[in-house]
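A.B. asks: One structure, pasted below without further comment.
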Amino acid sequence: MLDGARADGYLAMQFNAVVETNERAVRLWESFGFEVLTTVPEAFAHPVHGLVGLHIMYRDL
């Protein structure tokens, strides 16, 4: 995906909606070079933790 976007001339990639309490998913996206750009507060109703934020993740290509 990243290589294809770069080949098509994109300069950055954004991934929406990584639940902030999903530490494994956050680490996975970080391993691909993404960082948390911002967090939308209380945007996800977690069954255990209640309302939690959603990370918007970003990386340069």
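Labels for the structure tokens follow display order: chains A, B, ..., residues from 1 in each chain, ligands from 1.
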Going by DSSP on the backbone, which bits of chain A are strand (DSSP E or B)? Write them as an mmCIF file with N, CA and C atoms, in the first residue's frame, please.
C.D. replies:
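result-v2.cif was written with the following content:
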data_model
loop_
_atom_site.group_PDB
_atom_site.id
_atom_site.type_symbol
_atom_site.label_atom_id
_atom_site.label_comp_id
_atom_site.auth_asym_id
_atom_site.auth_seq_id
_atom_site.Cartn_x
_atom_site.Cartn_y
_atom_site.Cartn_z
ATOM 1 N N ALA A 12 2.127 11.577 1.510
ATOM 2 C CA ALA A 12 1.851 11.166 2.889
ATOM 3 C C ALA A 12 0.687 10.178 2.889
ATOM 4 N N MET A 13 0.539 9.477 4.004
ATOM 5 C CA MET A 13 -0.540 8.509 4.168
ATOM 6 C C MET A 13 -1.157 8.736 5.537
ATOM 7 N N GLN A 14 -2.478 8.654 5.590
ATOM 8 C CA GLN A 14 -3.214 8.814 6.838
ATOM 9 C C GLN A 14 -4.035 7.552 7.075
ATOM 10 N N PHE A 15 -4.064 7.104 8.315
ATOM 11 C CA PHE A 15 -4.920 5.984 8.693
ATOM 12 C C PHE A 15 -5.819 6.452 9.818
ATOM 13 N N ASN A 16 -7.111 6.345 9.603
ATOM 14 C CA ASN A 16 -8.103 6.807 10.585
ATOM 15 C C ASN A 16 -8.481 5.709 11.565
ATOM 16 N N ALA A 17 -8.866 6.122 12.731
ATOM 17 C CA ALA A 17 -9.617 5.297 13.668
ATOM 18 C C ALA A 17 -8.877 4.093 14.231
ATOM 19 N N VAL A 18 -7.731 4.324 14.844
ATOM 20 C CA VAL A 18 -7.079 3.290 15.637
ATOM 21 C C VAL A 18 -7.469 3.564 17.090
ATOM 22 N N VAL A 19 -8.187 2.638 17.702
ATOM 23 C CA VAL A 19 -8.673 2.829 19.066
ATOM 24 C C VAL A 19 -7.478 2.958 20.015
ATOM 25 N N GLU A 35 2.736 7.717 13.001
ATOM 26 C CA GLU A 35 2.703 8.317 14.328
ATOM 27 C C GLU A 35 1.304 8.872 14.563
ATOM 28 N N VAL A 36 0.966 9.059 15.818
ATOM 29 C CA VAL A 36 -0.339 9.631 16.155
ATOM 30 C C VAL A 36 -0.296 11.119 15.808
ATOM 31 N N LEU A 37 -1.149 11.515 14.888
ATOM 32 C CA LEU A 37 -1.252 12.919 14.497
ATOM 33 C C LEU A 37 -2.140 13.665 15.478
ATOM 34 N N THR A 38 -3.255 13.049 15.828
ATOM 35 C CA THR A 38 -4.181 13.613 16.806
ATOM 36 C C THR A 38 -5.070 12.482 17.316
ATOM 37 N N THR A 39 -5.812 12.761 18.363
ATOM 38 C CA THR A 39 -6.754 11.791 18.910
ATOM 39 C C THR A 39 -8.112 12.470 19.046
ATOM 40 N N VAL A 40 -9.118 11.830 18.483
ATOM 41 C CA VAL A 40 -10.489 12.319 18.619
ATOM 42 C C VAL A 40 -11.012 11.778 19.947
ATOM 43 N N PRO A 41 -11.287 12.635 20.920
ATOM 44 C CA PRO A 41 -11.668 12.153 22.248
ATOM 45 C C PRO A 41 -13.060 11.519 22.260
ATOM 46 N N GLU A 42 -13.174 10.469 23.056
ATOM 47 C CA GLU A 42 -14.464 9.794 23.308
ATOM 48 C C GLU A 42 -15.231 9.471 22.027
ATOM 49 N N ALA A 43 -14.503 8.983 21.020
ATOM 50 C CA ALA A 43 -15.118 8.708 19.723
ATOM 51 C C ALA A 43 -15.475 7.232 19.526
ATOM 52 N N PHE A 44 -15.125 6.378 20.504
ATOM 53 C CA PHE A 44 -15.393 4.950 20.383
ATOM 54 C C PHE A 44 -15.928 4.428 21.711
ATOM 55 N N ALA A 45 -17.014 3.680 21.632
ATOM 56 C CA ALA A 45 -17.615 3.096 22.844
ATOM 57 C C ALA A 45 -17.016 1.711 23.075
ATOM 58 N N HIS A 46 -15.979 1.663 23.892
ATOM 59 C CA HIS A 46 -15.300 0.406 24.203
ATOM 60 C C HIS A 46 -16.151 -0.375 25.203
ATOM 61 N N GLY A 50 -15.379 2.010 28.322
ATOM 62 C CA GLY A 50 -16.299 3.121 28.051
ATOM 63 C C GLY A 50 -15.840 3.930 26.857
ATOM 64 N N LEU A 51 -16.121 5.210 26.868
ATOM 65 C CA LEU A 51 -15.745 6.063 25.744
ATOM 66 C C LEU A 51 -14.245 6.321 25.748
ATOM 67 N N VAL A 52 -13.603 5.978 24.644
ATOM 68 C CA VAL A 52 -12.159 6.176 24.492
ATOM 69 C C VAL A 52 -11.897 6.901 23.174
ATOM 70 N N GLY A 53 -10.693 7.390 23.024
ATOM 71 C CA GLY A 53 -10.333 8.145 21.836
ATOM 72 C C GLY A 53 -9.973 7.260 20.654
ATOM 73 N N LEU A 54 -10.042 7.884 19.477
ATOM 74 C CA LEU A 54 -9.587 7.255 18.245
ATOM 75 C C LEU A 54 -8.389 8.045 17.729
ATOM 76 N N HIS A 55 -7.276 7.336 17.507
ATOM 77 C CA HIS A 55 -6.091 7.981 16.968
ATOM 78 C C HIS A 55 -6.223 8.122 15.449
ATOM 79 N N ILE A 56 -5.810 9.274 14.943
ATOM 80 C CA ILE A 56 -5.601 9.478 13.519
ATOM 81 C C ILE A 56 -4.095 9.368 13.337
ATOM 82 N N MET A 57 -3.666 8.395 12.523
ATOM 83 C CA MET A 57 -2.243 8.122 12.387
ATOM 84 C C MET A 57 -1.770 8.550 11.010
ATOM 85 N N TYR A 58 -0.497 8.974 10.927
ATOM 86 C CA TYR A 58 0.044 9.632 9.745
ATOM 87 C C TYR A 58 1.505 9.277 9.555
ATOM 88 N N ARG A 59 1.914 9.255 8.287
ATOM 89 C CA ARG A 59 3.347 9.151 7.993
ATOM 90 C C ARG A 59 3.651 9.776 6.657
ATOM 91 N N ASP A 60 4.839 10.314 6.542
ATOM 92 C CA ASP A 60 5.341 10.806 5.262
ATOM 93 C C ASP A 60 5.697 9.614 4.390
#
A.B. asks: Give the helix (DSSP H, G or I) residues of chain A, as DSSP finds them on the backbone, and put them as a list in words.
C.D. replies: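 Helix (DSSP H, G or I) members of chain A, listed: Leu2, Asp3, Gly4, Ala5, Arg6, Ala7, Glu23, Arg24, Ala25, Val26, Arg27, Leu28, Trp29, Glu30 and Ser31 of chain A.
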A.B. asks: Please indicate the distance in Å from atom CA of Met1 of chain A to atom CA of Leu61 of chain A, rounded to one decimal place.
C.D. replies: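 Pair atom CA of Met1 of chain A / atom CA of Leu61 of chain A returns 10.9 Å.
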